[in-house]
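Enquirer: I have a structure here, written as structure tokens, and I will follow up with some questions on it.
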Amino acid sequence: MTKIALKNTGFYSESPRSGILGWLLSTDHKRIGIMYLFCIVTMFLVAVCLGLALRLELIAPGPTIMGPQTYNATFTVHGIIMIFLVIIPSIPAAFGNLVLPIQIGARDVSFPKLNLLSWYCYIIGAVLAVIAIFSGGGAPDTGWTFYVPFSTQTTTNVNMAVTGALMLGFSSMLTGINFVTTIHRLRAEGMGWGRLPIFIWTLYSTAWIQVLATPMLGITLILIVLERVFGAGLFDAARGGDPILYQHLFWIYSHPAVYIMILPGMGVISEIIPTFSRKPLFGYWAMAISSLAIAFAGSLVWAHHMYASGMSDFAILIFSFLTFIVAIPSAIKIFNWVSTLYKGSIQLAPPMLHALAFIFNFAIGGLGGLALGAAASDIHLHDTTFVVGHFHYTMFGGTGFAFFAALHYWLPKFTGRMYSHKPAVIAWALLFVGFNVTYMAMQAVGIQGMPRRYYDYLPEFQTLNVVATVGSWVLAVGLIMMFVNLWNGIRKGTPVGKNPWGSATLEWSIPSPPPLENFGEKDPVVTKGPYDYKGVIADEY
Amino acid sequence: MNQLNNPTAQAVDNVLIYIFGFSLILLLGITVVTVYFVVKYRRSKYPEPTSQVHGSWLLETIWTVLPILIVLTMFWYGWTNYVGLREIPEGALEVKATARMWSWQFEYPDGRKESKLYVPVNQPIKVLLFSTDVLHSFFVPAFRIKRDTVPGMESYVWFQAPEPGSYDIFCAEYCGVGHADMTTSVEVLSEADYAQWLQPLEPSATPRGLVVLDEQGCLSCHSLDGTDGIGPSLFEMAGQPRQVTINRESKELIIDEEYLKLAIRDPEAEMVDGYNPMMPPYDEATINNEDLQAVVNYLMGKAEAAKTPSAGAQLMDENGCLGCHSTDGSDGIAPSFKGIGQREVTIERDGKEITVKIDVEYLRRALLKPNADLVKGYSPIMPSADYLSPEEIDAMIQHLLQQ
């Protein structure tokens with residue numbers, strides 16, 4: 001295969017407009033997906049730097065590299081960027097756009113212009129969030145949860161940050177509507193519900209949460225602005241309002257949101273494990289239905305963030321029970337992934353390594369969630385760094401590693417180039433070790449009783465904090481190595497054929513990178529399941 | 001995590017150990033099986049899979065039902081032990097804890113206020129939780145108890161300490177710039193130490209004059225803070241002019257000791273203009289001469305003179321000023337108190353920066369309207385001290401000026 005410049009291949013070379021406008025006004029799902037990917041990775045790197053600064057501050061008690069106000073603003077901005085600009089759109093908006101239409105045999109999403117609009121909502125939200133840091137009364141210092149009454153009293157630039165989050169909510173909703181419709185209406189001939197890749201099932205479940213839960217976020221954020229600007233008093237106990245009402249409203253969105261964040265990651269893992277085992281996914285229907293079950297049950301557990309808030313004991317009983325129920329579908333998924341490996345033909349390529357790391361990390365995150373779901377033990381662990389560690393185990397160890405797995409799995413498809421594997425494996429090992437050292441130490445110091453959002457702490461917490469900070473450096477080296485290696489792969493990697501991994505889903509039956517409209521002149525006809533590897537041969541590269 | 005020998009910690013720790021124990025077994029199981037499969041079925045040994053199994057209803061049912069049963073035991077164990085955290089044993093001592101940015105105040109049934117929570121050993125303690133501003137959370141890791149303090153709502157936790165000692169209290173709900181410094185401690189005292197602690201350190205922190213005013217019910221008609229009531233307010237009277245009517249003739253006099261004594265012994269002799277003659281006379285049988293002098297001293301602002309500094313220091317401590325302002329000159333969230341009586345500050349007023357000498361007037365304004373004149377380089381985050389009486393404000397100002 002001769003090597004030609006990336007911009008002269010596949011959909012990079014085909015556009016009604018040339019130059020930058022060919023991207024900014026494109027309604028091609030692949031171009032929009034690439035634009036999302038570029039923005040998300042950029043924002044990710046910014047927020048990683050903030051996270052490293054937070055860890056560095058915590059290497060010793062007292063102010064180390066920053067004072068309390070800077071620290072509070074830093075963790076707030078780290079959280080807002082990571083949650084709203086990175087994790088929520090990471091897999092659904094970037095890889096969902098790139099992969100979803102092709103995997104179901106469609107030429108684009110149902111509403112291509114709406115798709116571009118949701119990218120612009122994302123960009124507006126991102127710009128507002130960045131302006132919020134540098135304007136008004138200073139960077140917001142409320143935490144990403146914007147808890148009242150603090151968020152209605154602080155003089156920092158909360159209004160702007162909240163408006164940014166509102167725009168990002170619109171972006172998420174529009175993407176959700178688009179995906180639900182696309183999956184219902186644009187499946188190729190023969191692509192029955194039983195032949196949908198699990199990635200599609202998880203995007204489908206996610207899209208429903210995005211459509212149904214995100215409006216709650218919009219309403220809640222608007223109420224904060226009403227409270228701040230007009231003194232509406234809805235959350236002010238002195239005027240008949242209730243600060244705890246805010247927490248209910250916030251978590252009614254924000255708990256389902258964590259399933260928006262994790263479900264597509266589970267979908268990615270469900271594609272990669274069968275591919276690199278050359279064996280059908282174990283328990284297809286259990287995997288499909290458990291995705292819907294997570295989306296449904298996950299919408300009913302929001303108040304498990306509030307056991308210590310002053311909420312009634314009866315509510316704690318109910319929400320604790322529901323929380324344990326939502327653990328079941330996640331457990332089924334883990335057991336089915338592991339069973340898929342049984343009697344397979346396992347290749348430890350970089351995507352597979354990230355997928356296996358996902359299972360380990362997510363298992364720790366999920367099991368830690370049990371201790372937080374039980375009423376008595378949560379009382380001790382709530383609002384300690386254990387919660388921060390747990391959240392990072394699911395969102396970084398889970399979704400983050402799934403995102404890295406997706407990058408290593410699909411980038412060759414969408415760039416037509418293969419990165420080199422050896423640095424990818426070394427980077428993976430650094431990430432895996434660095435990640436676990438950092439966040440296991442954070443969980444441990446939380447069990448000791450160190451509250452979260454502390455820039456300063458008692459000397460007895462120092463040892464574990466130093467361990468966590470050193471772990472974050474290993475993590476940082478791993479990230480640099482991984483992104484440099486992927487970037488080199490995009491620029492000067494070996495060209496790959498249609499199907500470098502020997503996968504069985506539709507995107508691997510078309511050229512890399514895919515052409516505009518994906519499928520040439522004839523629409524595809526699907527005749528076998530997504531994990532049927534008989535006769536599928538991996539292309540050499 | 002060291003297991004602790006107190007009822008609430010045991011309730012929580014048993015659940016933690018149960019859940020973490022099961023979790024560790026599950027994690028080990030998943031990891032060992034995964035690694036075993038990955039090594040055994042590696043592609044170099046098995047170029048093609050040796051099974052094309054799509055699933056197994058039996059296995060999948062087992063690993064659906066079994067985890068349900070396991071997690072339901074966790075749920076139930078967690079719930080029943082949580083109930084133990086809410087049910088308070090008989091004979092609990094009630095202490096009121098008030099959280100504010102960024103300090104704690106503990107108030108005992110007899111009205112005594114402290115910035116640390118002093119409790120006797122082996123007695124259940126019920127801590128009533130309040131907040132004056134934003135959400136905070138009362139967290140004592142040693143007792144594994146935590147509960148948010150919510151403005152406008154009363155909440156509680158309880159604990160019982162089997163051994164004397166000092167245990168950290170943290171604020172666990174993020175509350176702004178002083179969040180990490182909002183720490184204090186539970187001081188568990190032996191029975192003997194607690195009995196000693198119960199003895200007040202000073203006979204009375206309240207000036208005798210104020211006690212008399214309160215005991216005699218004067219304050220139900222005369223306010224201390226300048227608000228007009230049935231009778232004229234007692235706020236800052238010393239040396240002030242006053243229009244009074246003597247023998248149907250209106251004249252102005254300056255308030256002094258003689259006038260005040262007469263006004264108490266024989267109120268209708270000189271009626272203040274605008275008020276009705278309804279105050280009863282207080283003779284020597286009701287207020288003896290000594291107490292009368294104390295009242296007059298108090299009203300003339302003399303009573304504080306001897307006592308003010310220590311009262312001011314205690315008020316500073318009780319009201320959490322030291323949560324942000326240091327006394328050793330170190331820079332914190334707010335300017336240090338060290339040398340505050342002798343220095344000049346640069347403040348922002350009406351958008352302009354001006355430098356002023358710190359005096360009584362400046363400090364009063366700083367306490368009552370803290371964000372009106374903002375010291376350069378600091379954020380407008382200090383809550384107003386307007387819930388304190390003028391006497392208390394004065395005591396704090398006197399104390400500050402001597403720093």
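Chain labels follow the order of the structure tokens: the first chain is A, the next B, and so on; residue numbering restarts at 1 in every chain, and ligands are counted from 1 in their shown order.
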Dump as CSV the rows for residues of chain B within 7 Å of chain A: closest atom pair and distance in Å with one decimal, only C-alpha atoms counted, ordered by chain and rising residue number.

Expert:
```
residue,atom,partner,partner_atom,distance
B:Met1,CA,A:Gln448,CA,5.5
B:Val12,CA,A:Ser377,CA,5.1
B:Val15,CA,A:Ser377,CA,6.0
B:Leu16,CA,A:Ser377,CA,5.6
B:Ile19,CA,A:Ala371,CA,6.0
B:Ser23,CA,A:Leu367,CA,5.6
B:Leu27,CA,A:Ala363,CA,6.7
B:Thr31,CA,A:Phe360,CA,6.8
B:Thr34,CA,A:Val338,CA,5.9
B:Phe37,CA,A:Tyr342,CA,6.0
B:Val38,CA,A:Ile346,CA,6.3
B:Tyr41,CA,A:Ser345,CA,5.5
B:Arg42,CA,A:Ile346,CA,4.6
B:Arg43,CA,A:Ser345,CA,4.6
B:Tyr46,CA,A:Ser345,CA,5.3
B:Pro47,CA,A:Ser345,CA,5.8
B:Glu48,CA,A:Ser345,CA,5.3
B:Pro49,CA,A:Gly344,CA,4.2
B:Thr50,CA,A:Lys343,CA,5.3
B:Ser51,CA,A:Lys343,CA,5.7
B:Gln52,CA,A:Lys279,CA,5.9
B:His54,CA,A:Phe282,CA,5.1
B:Gly55,CA,A:Gly283,CA,4.4
B:Ser56,CA,A:Gly283,CA,7.0
B:Trp63,CA,A:Ile332,CA,6.7
B:Thr64,CA,A:Ile332,CA,6.3
B:Pro67,CA,A:Ile328,CA,6.7
B:Ile68,CA,A:Ile328,CA,6.5
B:Val71,CA,A:Phe324,CA,6.0
B:Met74,CA,A:Ala374,CA,6.7
B:Phe75,CA,A:Ala374,CA,5.4
B:Gly78,CA,A:Ala374,CA,4.7
B:Trp79,CA,A:Ala375,CA,5.4
B:Asn81,CA,A:Ala376,CA,5.7
B:Tyr82,CA,A:Ala376,CA,4.3
B:Val134,CA,A:Pro149,CA,5.2
B:Leu135,CA,A:Pro149,CA,6.9
B:Pro141,CA,A:Gly449,CA,5.2
B:Arg144,CA,A:His380,CA,4.9
B:Ile145,CA,A:His380,CA,6.0
B:Lys146,CA,A:Ile379,CA,5.8
B:Arg147,CA,A:Ala308,CA,4.7
B:Asp148,CA,A:Ser309,CA,5.0
B:Pro151,CA,A:Ala237,CA,6.5
B:Gly152,CA,A:Ala237,CA,5.2
B:Ser155,CA,A:Gly310,CA,6.5
B:Ala172,CA,A:Pro451,CA,5.4
B:Glu173,CA,A:Asp383,CA,6.7
B:Tyr174,CA,A:Arg453,CA,6.6
B:Cys175,CA,A:Phe150,CA,6.5
B:Val177,CA,A:Gln69,CA,5.4
B:His179,CA,A:Tyr454,CA,6.9
B:Ala180,CA,A:Tyr454,CA,4.7
```

Enquirer: So that each row is one residue of stretch 142-200 of chain B with an atom at most 8 Å from stretch 117-132 of chain B, can you give its shortest atom pair and the distance in Å to one decimal, using only C-alpha atoms, rows by chain and rising number, as a tab-separated table?

Expert:
```
residue	atom	partner	partner_atom	distance
B:Asp148	CA	B:Leu129	CA	7.8
B:Thr149	CA	B:Phe130	CA	5.2
B:Val150	CA	B:Ser131	CA	5.5
B:Pro151	CA	B:Ser131	CA	4.7
B:Gly152	CA	B:Ser131	CA	7.4
B:Met153	CA	B:Phe130	CA	6.7
B:Glu154	CA	B:Phe130	CA	5.7
B:Ser155	CA	B:Leu129	CA	5.0
B:Tyr156	CA	B:Leu128	CA	4.5
B:Val157	CA	B:Val127	CA	5.4
B:Trp158	CA	B:Lys126	CA	4.4
B:Phe159	CA	B:Ile125	CA	5.5
B:Gln160	CA	B:Pro124	CA	4.5
B:Ala161	CA	B:Asn122	CA	5.5
B:Pro162	CA	B:Asn122	CA	4.9
B:Glu163	CA	B:Val121	CA	6.1
B:Pro164	CA	B:Val121	CA	5.9
B:Ser185	CA	B:Leu117	CA	6.3
B:Val186	CA	B:Leu117	CA	4.7
B:Glu187	CA	B:Tyr118	CA	4.7
B:Val188	CA	B:Val119	CA	5.0
B:Leu189	CA	B:Pro120	CA	5.0
B:Ser190	CA	B:Val121	CA	5.5
B:Glu191	CA	B:Pro120	CA	6.0
B:Tyr194	CA	B:Pro120	CA	5.6
```

Enquirer: Give me a file of those residues, with C-alpha atoms, as a PDB file, in the first residue's frame.

Expert:
```
ATOM      1  CA  ASP B 148     -24.795  18.058  57.142  1.00  0.00           C
ATOM      2  CA  THR B 149     -25.766  21.247  58.924  1.00  0.00           C
ATOM      3  CA  VAL B 150     -28.438  22.884  56.823  1.00  0.00           C
ATOM      4  CA  PRO B 151     -29.544  26.510  57.262  1.00  0.00           C
ATOM      5  CA  GLY B 152     -33.101  26.608  58.536  1.00  0.00           C
ATOM      6  CA  MET B 153     -33.123  22.975  59.586  1.00  0.00           C
ATOM      7  CA  GLU B 154     -32.271  21.128  62.777  1.00  0.00           C
ATOM      8  CA  SER B 155     -30.462  17.836  62.544  1.00  0.00           C
ATOM      9  CA  TYR B 156     -28.484  15.624  64.912  1.00  0.00           C
ATOM     10  CA  VAL B 157     -25.841  12.963  65.434  1.00  0.00           C
ATOM     11  CA  TRP B 158     -24.926  11.046  68.550  1.00  0.00           C
ATOM     12  CA  PHE B 159     -21.846   9.331  69.890  1.00  0.00           C
ATOM     13  CA  GLN B 160     -20.412   7.931  73.075  1.00  0.00           C
ATOM     14  CA  ALA B 161     -16.716   7.871  73.890  1.00  0.00           C
ATOM     15  CA  PRO B 162     -15.441   5.063  76.121  1.00  0.00           C
ATOM     16  CA  GLU B 163     -12.050   6.706  76.668  1.00  0.00           C
ATOM     17  CA  PRO B 164     -10.868  10.249  77.342  1.00  0.00           C
ATOM     18  CA  SER B 185     -12.062  18.700  68.233  1.00  0.00           C
ATOM     19  CA  VAL B 186     -14.141  16.638  70.593  1.00  0.00           C
ATOM     20  CA  GLU B 187     -12.427  16.774  73.979  1.00  0.00           C
ATOM     21  CA  VAL B 188     -13.535  13.729  75.924  1.00  0.00           C
ATOM     22  CA  LEU B 189     -12.869  14.354  79.615  1.00  0.00           C
ATOM     23  CA  SER B 190     -12.720  11.889  82.485  1.00  0.00           C
ATOM     24  CA  GLU B 191     -15.491  12.255  85.033  1.00  0.00           C
ATOM     25  CA  TYR B 194     -15.477  17.068  83.357  1.00  0.00           C
TER      26      TYR B 194
END
```

Enquirer: If you measure from atom CA of B:Gly209 to atom CA of B:Asp291, what distance in Å do you get, rounded to one decimal?

Expert: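 Separation of atom CA of B:Gly209 and atom CA of B:Asp291: 6.7 Å.
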
Enquirer: Report as a Markdown table the residues of stretch 413-445 of chain A within 9 Å of stretch 6-9 of chain A, each with its shortest atom pair and distance in Å (one decimal), using only C-alpha atoms, ordered by chain and increasing residue number.

Expert:
```
| residue | atom | partner | partner_atom | distance |
| --- | --- | --- | --- | --- |
| A:Thr415 | CA | A:Leu6 | CA | 6.9 |
| A:Gly416 | CA | A:Leu6 | CA | 7.8 |
| A:Arg417 | CA | A:Leu6 | CA | 8.8 |
```

Enquirer: Write a file of the just-selected residues containing C-alpha atoms, as a JSON list (two decimals), in the first residue's frame.

Expert:
```
[["chain", "number", "residue", "atom", "x", "y", "z"],
["A", 415, "THR", "CA", -6.98, 7.67, 9.90],
["A", 416, "GLY", "CA", -5.92, 4.64, 7.87],
["A", 417, "ARG", "CA", -2.67, 4.50, 9.88]]
```

Enquirer: If you run DSSP on the backbone, which residues of stretch 134-285 of chain B are helix (DSSP H, G or I), as a VMD selection string?

Expert: chain B and resid 141 to 143 179 to 181 191 to 198 208 to 215 218 to 220 257 to 265 267 to 269

Enquirer: Got time to write the residues from that selection, N, CA, C and O atoms, as a compact mmCIF listing (two decimals), in the first residue's frame?

Expert:
```txt
# COMPACT_ATOMS: atom_id res chain seq x y z
N PRO B 141 -14.30 11.47 62.33
CA PRO B 141 -13.90 10.16 61.83
C PRO B 141 -13.80 9.10 62.94
O PRO B 141 -14.16 7.95 62.71
N ALA B 142 -13.36 9.50 64.13
CA ALA B 142 -13.16 8.51 65.20
C ALA B 142 -14.48 7.85 65.60
O ALA B 142 -14.49 6.71 66.06
N PHE B 143 -15.58 8.57 65.45
CA PHE B 143 -16.87 8.00 65.81
C PHE B 143 -17.66 7.61 64.56
O PHE B 143 -18.80 7.17 64.66
N HIS B 179 -12.89 26.11 54.09
CA HIS B 179 -13.40 24.75 54.31
C HIS B 179 -12.39 23.84 55.01
O HIS B 179 -12.71 23.18 56.00
N ALA B 180 -11.16 23.83 54.51
CA ALA B 180 -10.17 22.89 55.04
C ALA B 180 -9.71 23.28 56.45
O ALA B 180 -9.17 22.46 57.18
N ASP B 181 -9.91 24.57 56.81
CA ASP B 181 -9.47 25.02 58.14
C ASP B 181 -10.60 24.95 59.15
O ASP B 181 -10.42 25.33 60.31
N GLU B 191 -14.42 11.71 84.20
CA GLU B 191 -15.49 12.25 85.03
C GLU B 191 -15.00 13.38 85.92
O GLU B 191 -15.66 14.41 86.05
N ALA B 192 -13.81 13.19 86.52
CA ALA B 192 -13.26 14.22 87.40
C ALA B 192 -12.97 15.50 86.62
O ALA B 192 -13.34 16.61 87.03
N ASP B 193 -12.32 15.34 85.46
CA ASP B 193 -11.98 16.52 84.65
C ASP B 193 -13.24 17.24 84.19
O ASP B 193 -13.27 18.46 84.10
N TYR B 194 -14.26 16.44 83.85
CA TYR B 194 -15.48 17.07 83.36
C TYR B 194 -16.14 17.86 84.48
O TYR B 194 -16.62 18.98 84.24
N ALA B 195 -16.16 17.29 85.69
CA ALA B 195 -16.75 17.99 86.82
C ALA B 195 -16.03 19.32 87.05
O ALA B 195 -16.65 20.35 87.31
N GLN B 196 -14.71 19.28 86.89
CA GLN B 196 -13.94 20.52 87.06
C GLN B 196 -14.25 21.51 85.95
O GLN B 196 -14.38 22.70 86.16
N TRP B 197 -14.37 20.95 84.73
CA TRP B 197 -14.66 21.82 83.59
C TRP B 197 -16.01 22.52 83.76
O TRP B 197 -16.19 23.66 83.36
N LEU B 198 -16.95 21.79 84.42
CA LEU B 198 -18.28 22.35 84.62
C LEU B 198 -18.24 23.61 85.48
O LEU B 198 -19.09 24.47 85.34
N ARG B 208 -22.07 42.71 86.15
CA ARG B 208 -23.15 42.70 87.14
C ARG B 208 -24.29 43.64 86.72
O ARG B 208 -25.47 43.30 86.85
N GLY B 209 -23.93 44.80 86.20
CA GLY B 209 -24.96 45.76 85.80
C GLY B 209 -25.93 45.18 84.80
O GLY B 209 -27.14 45.35 84.88
N LEU B 210 -25.39 44.43 83.83
CA LEU B 210 -26.25 43.84 82.80
C LEU B 210 -27.13 42.75 83.40
O LEU B 210 -28.30 42.61 83.05
N VAL B 211 -26.54 42.01 84.37
CA VAL B 211 -27.32 40.96 85.03
C VAL B 211 -28.52 41.58 85.73
O VAL B 211 -29.64 41.09 85.62
N VAL B 212 -28.26 42.68 86.42
CA VAL B 212 -29.35 43.35 87.14
C VAL B 212 -30.40 43.84 86.16
O VAL B 212 -31.60 43.64 86.35
N LEU B 213 -29.96 44.47 85.09
CA LEU B 213 -30.91 44.97 84.09
C LEU B 213 -31.79 43.84 83.57
O LEU B 213 -32.99 44.00 83.37
N ASP B 214 -31.15 42.70 83.38
CA ASP B 214 -31.88 41.56 82.84
C ASP B 214 -32.84 41.00 83.90
O ASP B 214 -34.01 40.77 83.64
N GLU B 215 -32.31 40.79 85.12
CA GLU B 215 -33.13 40.21 86.19
C GLU B 215 -34.34 41.07 86.50
O GLU B 215 -35.41 40.56 86.82
N CYS B 218 -35.76 45.14 83.00
CA CYS B 218 -35.62 46.45 82.37
C CYS B 218 -35.61 46.33 80.85
O CYS B 218 -36.10 47.19 80.12
N LEU B 219 -35.01 45.20 80.39
CA LEU B 219 -34.73 45.08 78.95
C LEU B 219 -35.98 44.80 78.14
O LEU B 219 -35.95 44.84 76.92
N SER B 220 -37.10 44.49 78.81
CA SER B 220 -38.30 44.26 78.01
C SER B 220 -38.86 45.59 77.50
O SER B 220 -39.62 45.61 76.54
N GLU B 257 -24.14 60.23 85.61
CA GLU B 257 -24.48 59.25 86.64
C GLU B 257 -25.65 59.70 87.50
O GLU B 257 -26.54 58.91 87.81
N GLU B 258 -25.63 60.97 87.88
CA GLU B 258 -26.69 61.48 88.75
C GLU B 258 -28.05 61.33 88.09
O GLU B 258 -29.03 60.88 88.69
N TYR B 259 -28.11 61.72 86.82
CA TYR B 259 -29.37 61.63 86.09
C TYR B 259 -29.86 60.18 86.06
O TYR B 259 -31.03 59.90 86.29
N LEU B 260 -28.94 59.24 85.77
CA LEU B 260 -29.35 57.84 85.63
C LEU B 260 -29.86 57.28 86.96
O LEU B 260 -30.87 56.59 87.01
N LYS B 261 -29.18 57.64 88.04
CA LYS B 261 -29.62 57.14 89.35
C LYS B 261 -31.02 57.66 89.67
O LYS B 261 -31.89 56.91 90.14
N LEU B 262 -31.23 58.91 89.39
CA LEU B 262 -32.54 59.49 89.65
C LEU B 262 -33.61 58.83 88.79
O LEU B 262 -34.71 58.53 89.24
N ALA B 263 -33.24 58.58 87.53
CA ALA B 263 -34.20 57.99 86.59
C ALA B 263 -34.63 56.59 87.01
O ALA B 263 -35.71 56.13 86.66
N ILE B 264 -33.76 55.92 87.78
CA ILE B 264 -34.12 54.58 88.24
C ILE B 264 -34.89 54.65 89.57
O ILE B 264 -35.92 54.02 89.74
N ARG B 265 -34.40 55.48 90.49
CA ARG B 265 -35.05 55.58 91.80
C ARG B 265 -36.40 56.30 91.70
O ARG B 265 -37.34 55.95 92.37
N PRO B 267 -38.43 57.57 88.54
CA PRO B 267 -38.51 57.78 87.08
C PRO B 267 -39.33 58.98 86.67
O PRO B 267 -39.03 59.64 85.67
N GLU B 268 -40.36 59.27 87.41
CA GLU B 268 -41.26 60.32 86.92
C GLU B 268 -40.78 61.72 87.29
O GLU B 268 -41.40 62.70 86.91
N ALA B 269 -39.66 61.81 87.99
CA ALA B 269 -39.14 63.13 88.34
C ALA B 269 -38.72 63.90 87.09
O ALA B 269 -38.99 65.08 86.94
```
